[in-house]
$ cat upload-v1.txt   # compact mmCIF, C-alpha atoms
# COMPACT_ATOMS: atom_id res chain seq x y z
CA MET A 237 105.11 -108.73 45.70
CA ASN A 238 105.19 -110.70 48.94
CA TYR A 239 106.74 -109.29 52.07
CA GLN A 240 106.57 -109.35 55.83
CA PHE A 241 107.69 -106.99 58.56
CA ILE A 242 109.29 -108.34 61.71
CA ARG A 243 111.36 -107.03 64.60
CA ASP A 244 114.89 -108.25 65.22
CA LEU A 245 116.22 -109.24 68.64
CA GLN A 246 116.88 -105.58 69.49
CA GLY A 247 113.33 -104.62 68.52
CA SER A 248 114.31 -102.81 65.32
CA PRO A 249 111.95 -103.13 62.35
CA VAL A 250 113.06 -105.39 59.50
CA ALA A 251 111.45 -105.73 56.07
CA GLU A 252 111.68 -109.10 54.35
CA PHE A 253 110.70 -109.22 50.67
CA GLU A 254 110.47 -112.25 48.41
CA MET A 255 113.27 -113.33 46.11
CA GLY A 256 113.60 -110.88 43.24
CA SER A 257 112.65 -107.95 45.47
CA GLU A 258 115.48 -108.21 48.01
CA THR A 259 116.66 -104.67 47.32
CA PHE A 260 113.40 -103.40 48.81
CA SER A 261 114.27 -105.33 51.99
CA GLN A 262 117.52 -103.42 52.27
CA TRP A 263 115.93 -100.11 51.35
CA PHE A 264 113.07 -100.28 53.87
CA THR A 265 115.21 -101.70 56.67
CA GLN A 266 118.42 -99.69 56.28
CA GLU A 267 117.67 -96.62 54.20
CA LEU A 268 114.17 -95.70 55.39
CA GLY A 269 113.97 -97.32 58.80
CA THR A 270 111.81 -95.27 61.15
CA ASP A 271 112.62 -91.88 59.56
CA LYS A 272 109.21 -90.18 59.53
CA SER A 273 110.50 -87.14 57.62
CA LYS A 274 111.60 -89.42 54.74
CA MET A 275 108.23 -91.14 54.81
CA ASP A 276 106.45 -87.78 54.69
CA ALA A 277 108.66 -86.68 51.78
CA LEU A 278 107.83 -89.89 49.92
CA PHE A 279 104.09 -89.56 50.46
CA ASN A 280 104.31 -85.95 49.28
CA ALA A 281 106.28 -87.01 46.18
CA ILE A 282 103.74 -89.76 45.43
CA GLN A 283 100.90 -87.24 45.62
CA GLN A 284 102.82 -84.92 43.25
CA LEU A 285 103.50 -87.79 40.83
CA GLU A 286 99.86 -88.85 40.82
CA SER A 287 98.69 -85.29 40.17
CA ARG A 288 101.36 -84.88 37.45
CA GLN A 289 103.08 -81.99 39.24
CA ILE A 290 106.41 -83.78 38.86
CA LYS A 291 107.59 -86.49 36.44
CA GLU A 292 109.94 -88.37 38.74
CA PHE A 293 111.39 -88.34 42.23
CA LEU A 294 114.81 -89.62 43.29
CA LEU A 295 115.61 -90.36 46.91
CA GLN A 296 119.32 -90.99 47.25
CA GLY A 297 120.38 -93.30 50.02
CA ASP A 298 123.70 -94.41 51.43
CA ASP A 299 123.64 -97.76 49.61
CA VAL A 300 120.34 -97.84 47.68
CA ASN A 301 118.66 -95.16 45.59
CA LEU A 302 114.90 -95.08 45.11
CA LEU A 303 113.48 -93.71 41.85
CA LEU A 304 109.75 -93.10 41.49
CA ASP A 305 107.75 -92.04 38.47
CA SER A 306 103.99 -91.93 37.99
CA TYR A 307 103.87 -95.66 37.18
CA GLU A 308 106.83 -97.47 38.75
CA VAL A 309 109.28 -97.51 41.63
CA GLU A 310 112.82 -98.84 41.35
CA ALA A 311 115.19 -99.58 44.21
CA ARG A 312 118.74 -99.75 42.85
CA SER A 313 121.89 -100.57 44.76
CA LYS A 314 124.67 -98.06 44.25
CA ILE A 315 127.03 -100.97 43.68
CA LEU A 316 125.55 -101.21 40.18
CA ASP A 317 126.87 -97.73 39.44
CA VAL A 318 130.48 -98.84 39.92
CA ASP A 319 132.24 -99.46 36.64
CA ALA A 320 132.92 -103.10 35.92
CA PRO A 321 136.50 -104.05 35.18
CA ASP A 322 137.26 -103.64 31.49
CA GLU A 323 138.97 -107.00 31.27
CA LEU A 324 136.13 -109.37 32.08
CA PRO A 325 136.16 -112.53 29.96
CA GLU A 326 133.93 -112.33 26.91
CA GLY A 327 130.37 -113.40 27.68
CA THR A 328 130.69 -112.70 31.40
CA GLU A 329 127.64 -111.10 32.97
CA LEU A 330 127.56 -109.54 36.39
CA TYR A 331 124.88 -110.89 38.76
CA ASP A 332 122.57 -108.06 39.73
CA GLN A 333 119.34 -109.82 40.71
CA GLU A 334 119.71 -108.90 44.38
CA SER A 335 120.78 -105.33 43.59
CA ILE A 336 117.73 -103.99 41.77
CA ALA A 337 113.99 -104.36 42.30
CA GLY A 338 110.90 -102.68 40.96
CA CYS A 339 107.16 -102.54 41.37
CA GLY A 340 104.19 -100.40 40.49
CA LEU A 341 103.67 -97.07 42.25
CA GLU A 342 100.31 -98.20 43.67
CA ASP A 343 101.83 -101.38 45.16
CA PHE A 344 104.74 -99.42 46.61
CA THR A 345 102.38 -96.89 48.18
CA GLY A 346 100.52 -99.72 49.91
CA VAL A 347 103.75 -101.23 51.24
CA LEU A 348 104.95 -97.80 52.40
CA GLU A 349 101.68 -97.24 54.28
CA SER A 350 102.00 -100.67 55.91
CA TRP A 351 105.62 -99.95 56.87
CA ARG A 352 104.65 -96.60 58.40
CA ASP A 353 101.93 -98.32 60.44
CA PHE A 354 104.31 -101.10 61.48
CA VAL A 355 107.15 -98.84 62.67
CA SER A 356 104.67 -96.55 64.45
CA SER A 357 103.25 -99.40 66.53
CA ASP A 358 105.19 -100.50 69.58
$ encode --input "upload-v1.txt" --output "structure tokens"
Amino acid sequence: MNYQFIRDLQGSPVAEFEMGSETFSQWFTQELGTDKSKMDALFNAIQQLESRQIKEFLLQGDDVNLLLDSYEVEARSKILDVDAPDELPEGTELYDQESIAGCGLEDFTGVLESWRDFVSSD
């Protein structure tokens, strides 16, 4: 999973992930941002997952939910939870490639640590 962290013109942190992982861009930039209490909660949940104290952890966001288990992390746009119209033409598939992304828990932990370091530096 390739990514980079930059600052926009106002100095706010922005996460840019490669194609196929765009939902993580939105989640890190808009849902997590610089919220240290959310970061602490995530690191605590990761420790509990790794020690098998819990089976999964869900962090609900405004637009994107983050679901962690002891192996994987999934960022899922809430737009996917909206029911599709019943009268779509047969064979029609909704495009969701930019609305869901996943990775391994270990990879996510590394990205989260890098994000924490990035937003903490000024």
$ residues_around --input "upload-v1.txt" --residues "region 339-355 of chain A" --least-positions-apart "6" --cutoff "6 Å" --atoms "all atoms listed in the file" --output "list in words"
Tyr307, Glu308 and Val309 of chain A
$ residues_around --input "upload-v1.txt" --residues "Pro249 (chain A)" --least-positions-apart "5" --cutoff "10 Å" --atoms "all atoms listed in the file" --output "ChimeraX atom specification"
/A:241-244,264-266,269-270,351,354-355
$ residues_around --input "upload-v1.txt" --residues "Asn301 (chain A)" --least-positions-apart "2" --cutoff "7 Å" --atoms "all atoms listed in the file" --output "list in words"
Leu295, Gln296, Gly297, Asp299, Leu303, Ala311, Arg312, Ser313 and Lys314 of chain A
$ atom_distance --input "upload-v1.txt" --atom1 "CA of Glu252 (chain A)" --atom2 "CA of Leu294 (chain A)"
22.6 Å
$ residues_around --input "upload-v1.txt" --residues "Ala277 (chain A)" --least-positions-apart "5" --cutoff "12 Å" --atoms "all atoms listed in the file" --output "PyMOL selection string"
chain A and resi 268+271-272+282-284+293-295+348
$ closest_residue --input "upload-v1.txt" --among "A:Asp305, A:Lys274, A:Ala251, A:Val300" --to "Ser287 (chain A)" --atoms "all atoms listed in the file"
A:Asp305
$ atom_distance --input "upload-v1.txt" --atom1 "CA of Gly247 (chain A)" --atom2 "CA of Thr259 (chain A)"
21.5 Å
$ atom_distance --input "upload-v1.txt" --atom1 "CA of Leu302 (chain A)" --atom2 "CA of Phe279 (chain A)"
13.3 Å
$ closest_residue --input "upload-v1.txt" --among "A:Asp298, A:Glu310, A:Glu267, A:Asn238" --to "Phe253 (chain A)" --atoms "all atoms listed in the file"
A:Asn238
